[in-house]
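Structure file run_25.txt with compact mmCIF, C-alpha atoms and all ligand atoms:
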# COMPACT_ATOMS: atom_id res chain seq x y z
CA MET M 1 143.98 -64.62 123.41
CA ASN M 2 144.07 -62.15 126.28
CA PRO M 3 145.06 -58.60 125.41
CA PRO M 4 148.58 -57.70 126.53
CA LEU M 5 148.95 -56.11 129.94
CA LEU M 6 150.45 -53.01 128.35
CA HIS M 7 149.99 -52.07 124.74
CA VAL M 8 151.90 -49.17 123.21
CA GLU M 9 150.84 -48.33 119.66
CA ASN M 10 152.45 -45.91 117.21
CA LEU M 11 153.50 -43.53 119.96
CA VAL M 12 154.90 -40.15 118.95
CA VAL M 13 156.27 -37.73 121.55
CA ARG M 14 157.77 -34.36 120.73
CA TYR M 15 159.54 -31.79 122.85
CA GLY M 16 159.14 -28.68 120.72
CA ARG M 17 160.94 -29.52 117.50
CA ILE M 18 162.64 -32.63 118.85
CA THR M 19 160.86 -35.87 118.07
CA ALA M 20 161.82 -38.07 121.02
CA LEU M 21 159.60 -41.04 120.09
CA ASP M 22 158.70 -41.71 116.50
CA ASP M 23 156.00 -44.34 115.94
CA VAL M 24 156.94 -46.68 118.78
CA SER M 25 154.89 -49.83 119.27
CA LEU M 26 155.49 -52.58 121.79
CA HIS M 27 153.67 -54.66 124.36
CA VAL M 28 154.24 -56.32 127.71
CA ASP M 29 152.32 -59.49 128.54
CA ALA M 30 151.34 -60.36 132.09
CA GLY M 31 154.23 -61.95 133.96
CA GLU M 32 156.79 -60.94 131.38
CA THR M 33 159.99 -58.94 131.79
CA VAL M 34 160.64 -56.72 128.77
CA ALA M 35 163.77 -54.62 128.32
CA ILE M 36 164.15 -51.43 126.31
CA VAL M 37 167.76 -50.84 125.41
CA GLY M 38 169.39 -48.05 123.53
CA PRO M 39 172.07 -45.39 123.83
CA ASN M 40 171.81 -42.09 125.66
CA GLY M 41 169.16 -39.88 124.07
CA ALA M 42 167.39 -42.80 122.34
CA GLY M 43 164.02 -41.94 123.91
CA LYS M 44 163.94 -44.61 126.64
CA SER M 45 163.01 -42.32 129.54
CA THR M 46 160.50 -40.53 127.35
CA LEU M 47 158.79 -43.85 126.66
CA LEU M 48 158.42 -44.63 130.37
CA SER M 49 157.30 -41.06 131.07
CA ALA M 50 154.63 -41.32 128.37
CA ILE M 51 153.32 -44.62 129.75
CA ALA M 52 153.27 -43.21 133.29
CA GLY M 53 151.39 -40.09 132.18
CA LEU M 54 154.22 -37.61 132.74
CA VAL M 55 154.44 -36.52 129.12
CA ARG M 56 151.60 -36.34 126.61
CA PRO M 57 152.12 -38.04 123.26
CA VAL M 58 151.02 -36.16 120.15
CA HIS M 59 149.98 -39.38 118.45
CA GLY M 60 149.39 -43.03 119.22
CA ASN M 61 147.61 -45.16 121.74
CA LEU M 62 148.31 -46.62 125.14
CA SER M 63 146.26 -49.26 126.88
CA PHE M 64 146.73 -51.12 130.14
CA GLN M 65 144.75 -54.21 131.13
CA GLY M 66 142.62 -53.60 128.05
CA GLU M 67 141.65 -50.03 129.05
CA PRO M 68 142.86 -46.83 127.38
CA ILE M 69 145.33 -44.86 129.52
CA LEU M 70 146.51 -42.28 127.01
CA GLY M 71 146.37 -38.79 128.49
CA GLN M 72 145.85 -39.95 132.07
CA SER M 73 147.75 -38.32 134.90
CA LEU M 74 150.55 -40.00 136.83
CA GLU M 75 148.22 -40.39 139.79
CA ARG M 76 145.65 -42.23 137.66
CA THR M 77 148.22 -44.56 136.13
CA VAL M 78 149.62 -45.39 139.58
CA ARG M 79 146.11 -46.18 140.77
CA ARG M 80 145.63 -48.42 137.77
CA GLY M 81 148.71 -50.41 138.73
CA ILE M 82 151.68 -48.89 136.94
CA ALA M 83 154.70 -48.00 139.08
CA LEU M 84 157.67 -46.04 137.75
CA VAL M 85 161.11 -46.03 139.33
CA PRO M 86 162.68 -43.03 137.60
CA GLU M 87 166.32 -42.71 136.72
CA GLY M 88 168.58 -41.41 139.48
CA ARG M 89 167.45 -43.11 142.71
CA HIS M 90 165.46 -40.23 144.12
CA VAL M 91 164.95 -41.00 147.77
CA PHE M 92 163.61 -38.47 150.23
CA ALA M 93 167.02 -38.05 151.80
CA GLY M 94 165.89 -36.43 155.03
CA LEU M 95 163.14 -38.96 155.69
CA THR M 96 163.80 -42.35 157.21
CA VAL M 97 163.77 -45.58 155.23
CA LEU M 98 160.42 -46.45 156.80
CA GLU M 99 158.93 -43.05 155.94
CA ASN M 100 160.12 -43.43 152.35
CA LEU M 101 158.30 -46.76 152.13
CA ARG M 102 155.13 -45.33 153.62
CA ILE M 103 155.12 -42.57 150.98
CA GLY M 104 155.03 -45.30 148.32
CA ALA M 105 151.76 -46.52 149.80
CA VAL M 106 149.91 -43.18 149.98
CA ILE M 107 147.34 -44.26 147.40
CA ARG M 108 146.36 -47.28 149.50
CA ARG M 109 143.63 -47.46 152.10
CA ASP M 110 144.43 -50.96 153.36
CA HIS M 111 146.67 -49.73 156.14
CA ALA M 112 147.04 -53.09 157.88
CA ALA M 113 148.17 -54.69 154.63
CA VAL M 114 150.64 -51.85 154.10
CA THR M 115 152.19 -52.44 157.53
CA ALA M 116 152.41 -56.18 156.82
CA GLU M 117 154.01 -55.46 153.49
CA ILE M 118 156.61 -53.14 154.98
CA ASP M 119 157.54 -55.97 157.36
CA ARG M 120 157.81 -58.32 154.38
CA PHE M 121 160.07 -55.87 152.52
CA MET M 122 162.30 -55.59 155.55
CA GLN M 123 162.82 -59.35 155.20
CA ILE M 124 163.34 -59.31 151.44
CA PHE M 125 165.72 -56.36 151.79
CA PRO M 126 167.40 -56.97 155.15
CA ILE M 127 169.44 -53.80 154.80
CA LEU M 128 166.24 -51.73 154.75
CA GLY M 129 165.16 -53.43 157.96
CA THR M 130 168.44 -52.77 159.71
CA ARG M 131 168.33 -49.13 158.71
CA ARG M 132 164.60 -48.47 158.84
CA ASP M 133 164.90 -45.50 161.19
CA GLU M 134 167.89 -43.89 159.50
CA PRO M 135 167.63 -41.05 156.98
CA ALA M 136 167.54 -42.51 153.47
CA GLY M 137 170.26 -40.05 152.44
CA ARG M 138 172.75 -42.08 154.47
CA LEU M 139 172.25 -45.27 152.44
CA SER M 140 174.73 -46.28 149.75
CA GLY M 141 173.78 -46.01 146.07
CA GLY M 142 172.85 -49.69 145.88
CA GLU M 143 170.76 -49.47 149.05
CA GLN M 144 168.99 -46.41 147.71
CA GLN M 145 168.18 -48.29 144.51
CA MET M 146 166.67 -51.11 146.59
CA LEU M 147 164.70 -48.54 148.57
CA VAL M 148 163.22 -46.81 145.50
CA ILE M 149 162.24 -50.20 144.05
CA ALA M 150 160.65 -51.23 147.35
CA ARG M 151 158.91 -47.86 147.53
CA ALA M 152 157.47 -48.34 144.03
CA LEU M 153 156.26 -51.82 144.99
CA MET M 154 154.35 -50.32 147.92
CA SER M 155 151.67 -49.11 145.47
CA ASP M 156 151.01 -52.80 144.73
CA PRO M 157 151.58 -52.46 140.97
CA ALA M 158 150.76 -54.91 138.18
CA LEU M 159 153.59 -53.41 136.10
CA LEU M 160 156.88 -52.19 137.48
CA MET M 161 158.84 -49.83 135.22
CA LEU M 162 162.51 -49.24 135.99
CA ASP M 163 164.61 -46.55 134.34
CA GLU M 164 168.30 -47.51 134.21
CA PRO M 165 168.47 -49.22 137.60
CA SER M 166 172.15 -50.06 137.16
CA LEU M 167 173.36 -46.59 136.22
CA GLY M 168 176.36 -45.59 138.32
CA LEU M 169 176.39 -48.76 140.41
CA ALA M 170 179.38 -51.09 140.81
CA PRO M 171 178.98 -54.41 138.95
CA SER M 172 178.51 -56.42 142.15
CA ILE M 173 175.76 -54.06 143.32
CA THR M 174 174.18 -54.19 139.87
CA ASP M 175 174.14 -58.00 140.25
CA GLN M 176 172.12 -57.61 143.45
CA VAL M 177 169.66 -55.22 141.84
CA TYR M 178 169.17 -57.60 138.91
CA GLU M 179 168.77 -60.58 141.22
CA LEU M 180 165.94 -58.67 142.84
CA ILE M 181 164.38 -57.88 139.44
CA ALA M 182 164.62 -61.57 138.51
CA ASP M 183 162.97 -62.57 141.80
CA LEU M 184 160.12 -60.14 141.20
CA GLY M 185 159.66 -61.61 137.73
CA LYS M 186 159.57 -65.13 139.16
CA GLN M 187 156.87 -64.01 141.57
CA GLY M 188 154.77 -63.09 138.53
CA LEU M 189 155.24 -59.33 138.45
CA SER M 190 155.41 -57.78 134.98
CA VAL M 191 158.48 -55.62 134.50
CA LEU M 192 159.50 -53.08 131.87
CA VAL M 193 163.14 -52.17 132.36
CA VAL M 194 165.11 -49.53 130.49
CA GLU M 195 168.86 -50.00 130.19
CA GLN M 196 171.90 -48.67 128.36
CA ASN M 197 173.67 -51.80 129.52
CA ALA M 198 172.54 -54.18 126.79
CA ASP M 199 174.14 -57.30 128.28
CA ARG M 200 172.31 -56.87 131.58
CA ALA M 201 169.04 -56.26 129.81
CA LEU M 202 169.34 -59.26 127.51
CA GLN M 203 170.08 -61.49 130.50
CA ALA M 204 167.21 -60.15 132.56
CA ALA M 205 164.40 -59.90 130.03
CA ASN M 206 162.24 -62.43 128.19
CA ARG M 207 162.03 -59.99 125.31
CA THR M 208 164.10 -56.96 124.38
CA CYS M 209 163.42 -53.92 122.19
CA VAL M 210 166.33 -51.89 120.86
CA ILE M 211 165.46 -48.25 120.39
CA ASN M 212 167.54 -45.57 118.83
CA SER M 213 166.66 -42.01 117.81
CA GLY M 214 163.12 -42.59 119.00
CA ARG M 215 162.41 -45.68 116.88
CA VAL M 216 162.27 -49.39 117.58
CA ARG M 217 165.11 -50.83 115.52
CA LEU M 218 164.98 -54.45 116.57
CA SER M 219 162.87 -56.51 118.94
CA GLY M 220 162.31 -60.11 119.89
CA PRO M 221 163.13 -62.81 122.42
CA SER M 222 166.29 -61.78 124.29
CA GLN M 223 168.03 -65.05 123.53
CA ARG M 224 167.58 -64.54 119.82
CA LEU M 225 168.66 -60.90 119.98
CA ALA M 226 171.78 -61.77 121.96
CA ALA M 227 172.90 -63.87 118.99
CA ASP M 228 171.68 -61.47 116.29
CA PRO M 229 174.53 -60.04 114.22
CA ASP M 230 172.44 -56.89 113.63
CA PHE M 231 172.14 -56.16 117.34
CA GLU M 232 175.07 -53.79 117.63
CA ALA M 233 174.20 -51.87 114.51
CA ALA M 234 170.63 -51.45 115.74
CA TYR M 235 171.83 -50.30 119.15
CA PHE M 236 174.24 -47.76 117.76
CA GLY M 237 171.86 -46.65 115.03
CA ILE M 238 173.88 -47.63 112.01
CA GLY M 239 171.32 -49.11 109.69
CA GLY M 240 169.48 -51.51 112.02
CA ARG M 241 166.33 -52.92 110.52
CA ALA M 242 162.99 -51.68 111.74
CA ALA M 243 160.98 -54.11 113.85
N1 LIG E 301 162.26 -32.24 128.76
C1 LIG E 301 162.85 -32.28 127.56
N2 LIG E 301 162.86 -31.19 126.74
C2 LIG E 301 163.44 -31.25 125.52
N3 LIG E 301 164.05 -32.33 125.01
C3 LIG E 301 164.07 -33.43 125.78
C4 LIG E 301 163.48 -33.47 127.08
N4 LIG E 301 163.67 -34.71 127.60
C5 LIG E 301 164.33 -35.41 126.66
N5 LIG E 301 164.59 -34.65 125.57
C6 LIG E 301 165.25 -35.08 124.34
O1 LIG E 301 164.51 -36.19 123.83
C7 LIG E 301 165.39 -37.20 123.36
C8 LIG E 301 165.16 -38.49 124.13
O2 LIG E 301 165.54 -38.30 125.49
P1 LIG E 301 165.36 -39.41 126.61
O3 LIG E 301 164.00 -39.97 126.51
O4 LIG E 301 165.75 -38.80 127.90
O5 LIG E 301 166.43 -40.49 126.14
P2 LIG E 301 167.14 -41.67 126.97
O6 LIG E 301 166.37 -41.90 128.22
O7 LIG E 301 167.12 -42.82 126.03
O8 LIG E 301 168.54 -41.19 127.24
C9 LIG E 301 166.79 -36.63 123.48
O9 LIG E 301 167.13 -36.01 122.26
C10 LIG E 301 166.66 -35.61 124.58
O10 LIG E 301 167.60 -34.59 124.43
MG MG E 302 166.99 -41.86 130.17
What would you get if you wrote out this structure as structure tokens?
Ligand SMILES: Nc1ncnc2c1ncn2[C@@H]1O[C@H](COP(=O)(O)OP(=O)(O)O)[C@@H](O)[C@H]1O
Ligand SMILES: [Mg+2]
Amino acid sequence: MNPPLLHVENLVVRYGRITALDDVSLHVDAGETVAIVGPNGAGKSTLLSAIAGLVRPVHGNLSFQGEPILGQSLERTVRRGIALVPEGRHVFAGLTVLENLRIGAVIRRDHAAVTAEIDRFMQIFPILGTRRDEPAGRLSGGEQQMLVIARALMSDPALLMLDEPSLGLAPSITDQVYELIADLGKQGLSVLVVEQNADRALQAANRTCVINSGRVRLSGPSQRLAADPDFEAAYFGIGGRAA
């Protein structure tokens, strides 16, 4: 069998005395959408930060496409094909939509392909096309979320990681964002999405991991987890069984 695209093994991350991740293991196979769900403070963002190379684990292993990536910088992980869309929709507000997209492609040398891809994104996200020359700060929250996803895709990743893409968005806008995530999955992109909104995550992902207080409490196919009577307890950290 092929190794998983992303393999996270026994990861421990500490911030001073706080243990944010405590022996977390999971994997993402090529073409799969995996969700990490858990309440505020569970360690979800820390997990994505550790994979992306923004925080250094004190223990554990990380590999991507069969190669070790533990301890690599964010720049190296982006070059290897991991793109992170952090929480909070950080656009460069004073730059235009087009300039924001170009920034996502800074690691690439294939300039003609980048230009072609920007044109393609303008079609996939018509709103970005209509507003390509406007400052990104003028877009609505949902449009900004589309822009930061498109910007992350500009690095041509093999794995797209999204941190709480629905946070603060109206349900109808969240629907649009998740339609986009589903489309990307259908096109074969591997996705690791972090959510507090468990229902959204279970619908979107092939597999889901519930984390709480830095530990994986439950994991498996989303369909099975959606029907698991232990799901809520695992999510809220009241005696869920370890995976
Ligand atoms: N930079 C930091 N310094 C100290 N503690 C942090 C830092 N970032 C996160 N934490 C703590 O680590 C734990 C996990 O946080 P986080 O990964 O942000 O959780 P989530 O994304 O699930 O809300 C929390 O207890 C949080 O307070
Ligand atoms: Mg977070």
Selection: 6 Å around M:Thr33, all atoms listed in the file, excl. self and same-chain fewer than 6 positions, as a VMD selection string
chain M and resid 190 to 192 205 to 206
Write out as a PyMOL selection string each polymer residue (protein, DNA or RNA) that has an atom no more than 7 Å from ligand MG 302 (chain E), with all atoms listed in the file counted.
chain M and resi 40-41+43-45+87+163
Go ahead and save the residues from that selection, with C-alpha atoms, as a PDB file, in the frame of the given file.
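result_6.pdb was written with the following content:
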ATOM      1  CA  ASN M  40     171.810 -42.090 125.660  1.00  0.00           C
ATOM      2  CA  GLY M  41     169.160 -39.880 124.070  1.00  0.00           C
ATOM      3  CA  GLY M  43     164.020 -41.940 123.910  1.00  0.00           C
ATOM      4  CA  LYS M  44     163.940 -44.610 126.640  1.00  0.00           C
ATOM      5  CA  SER M  45     163.010 -42.320 129.540  1.00  0.00           C
ATOM      6  CA  GLU M  87     166.320 -42.710 136.720  1.00  0.00           C
ATOM      7  CA  ASP M 163     164.610 -46.550 134.340  1.00  0.00           C
TER       8      ASP M 163
END
What gap, in Å, lies between atom CA of M:Val106 and atom CA of M:Ile149?
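Between these atoms lies a distance of 15.4 Å.
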Show me which residues line ligand LIG 301 (chain E), defined as having an atom within 12 Å of a ligand atom where all atoms listed in the file count, and present them as a ChimeraX atom specification.
/M:12-22,36-50,54-56,86-88,162-164,167,193-197,210-216,235-236
Nearest residue to M:Ala182 from the set M:Ile51, M:Gly31, M:Pro229, M:Leu84 (distances using all atoms listed in the file):
M:Gly31
Would you list the residues near (162.2, -48.6, 146.4), meaning any protein, DNA or RNA residue with an atom at most 10 Å from that point in file coordinates, counting all atoms listed in the file, as a list in words?
Val85, Arg89, His90, Val91, Val97, Asn100, Leu101, Gly104, Phe121, Leu128, Glu143, Gln144, Gln145, Met146, Leu147, Val148, Ile149, Ala150, Arg151, Ala152, Leu153 and Met154 of chain M
May I have the selected residues written with C-alpha atoms, as a compact mmCIF listing (two decimals), keeping the file's coordinate frame?
# COMPACT_ATOMS: atom_id res chain seq x y z
CA VAL M 85 161.11 -46.03 139.33
CA ARG M 89 167.45 -43.11 142.71
CA HIS M 90 165.46 -40.23 144.12
CA VAL M 91 164.95 -41.00 147.77
CA VAL M 97 163.77 -45.58 155.23
CA ASN M 100 160.12 -43.43 152.35
CA LEU M 101 158.30 -46.76 152.13
CA GLY M 104 155.03 -45.30 148.32
CA PHE M 121 160.07 -55.87 152.52
CA LEU M 128 166.24 -51.73 154.75
CA GLU M 143 170.76 -49.47 149.05
CA GLN M 144 168.99 -46.41 147.71
CA GLN M 145 168.18 -48.29 144.51
CA MET M 146 166.67 -51.11 146.59
CA LEU M 147 164.70 -48.54 148.57
CA VAL M 148 163.22 -46.81 145.50
CA ILE M 149 162.24 -50.20 144.05
CA ALA M 150 160.65 -51.23 147.35
CA ARG M 151 158.91 -47.86 147.53
CA ALA M 152 157.47 -48.34 144.03
CA LEU M 153 156.26 -51.82 144.99
CA MET M 154 154.35 -50.32 147.92
Long-range neighbours of M:Leu74 as a ChimeraX atom specification, 8 Å cut-off, all atoms listed in the file, 3 positions minimum in chain
/M:52-54,77-78
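Among the candidate residues M:Leu139, M:Val177, M:Ala226, M:Ile107, the one lying nearest to M:Arg76 is M:Ile107, with distances computed using only C-alpha atoms.
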What is the distance, in Å and to one decimal place, between atom CA of M:Gln123 and atom CA of M:Leu180?
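Spanning atom CA of M:Gln123 to atom CA of M:Leu180 is a straight-line distance of 12.8 Å.
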M:Asn61, M:Thr174, M:Ser155, M:Thr208: which is nearest M:Val8, counting only C-alpha atoms?
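When distances to M:Val8 are compared using only C-alpha atoms, the smallest one comes from M:Asn61.
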May I have the residues at most 9 Å from (150.3, -53.7, 139.0) in the file's coordinates, counting all atoms listed in the file, as a ChimeraX atom specification?
/M:78-83,153,155-160,189-190
Shortest interatomic distance to M:Glu134 - which of M:Val28, M:Leu169, M:Leu98, M:Ala227, counting only C-alpha atoms
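The closest residue to M:Glu134 is M:Leu98.
Between atom CA of M:Arg102 and atom CA of M:Gly137 there is a distance of 16.1 Å.
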Measuring atom to atom with all atoms listed in the file, identify which of M:Ala35, M:Ala30, M:Ala112, M:Leu184 is nearest to M:Leu5.
M:Ala30
Counting only C-alpha atoms, the option among M:Met161, M:Ser140, M:Gln65, M:His59 closest to M:Ile173:
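Among the listed residues, the smallest separation from M:Ile173 belongs to M:Ser140.
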For M:Glu67, list every protein, DNA or RNA residue within 10 Å, evaluated using all atoms listed in the file, and leave out those in the same chain fewer than 4 positions away; present the list as a list in words.
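In the requested form, the answer reads Pro3, Leu5, Leu6, His7, Leu62, Ser63 and Arg80 of chain M.
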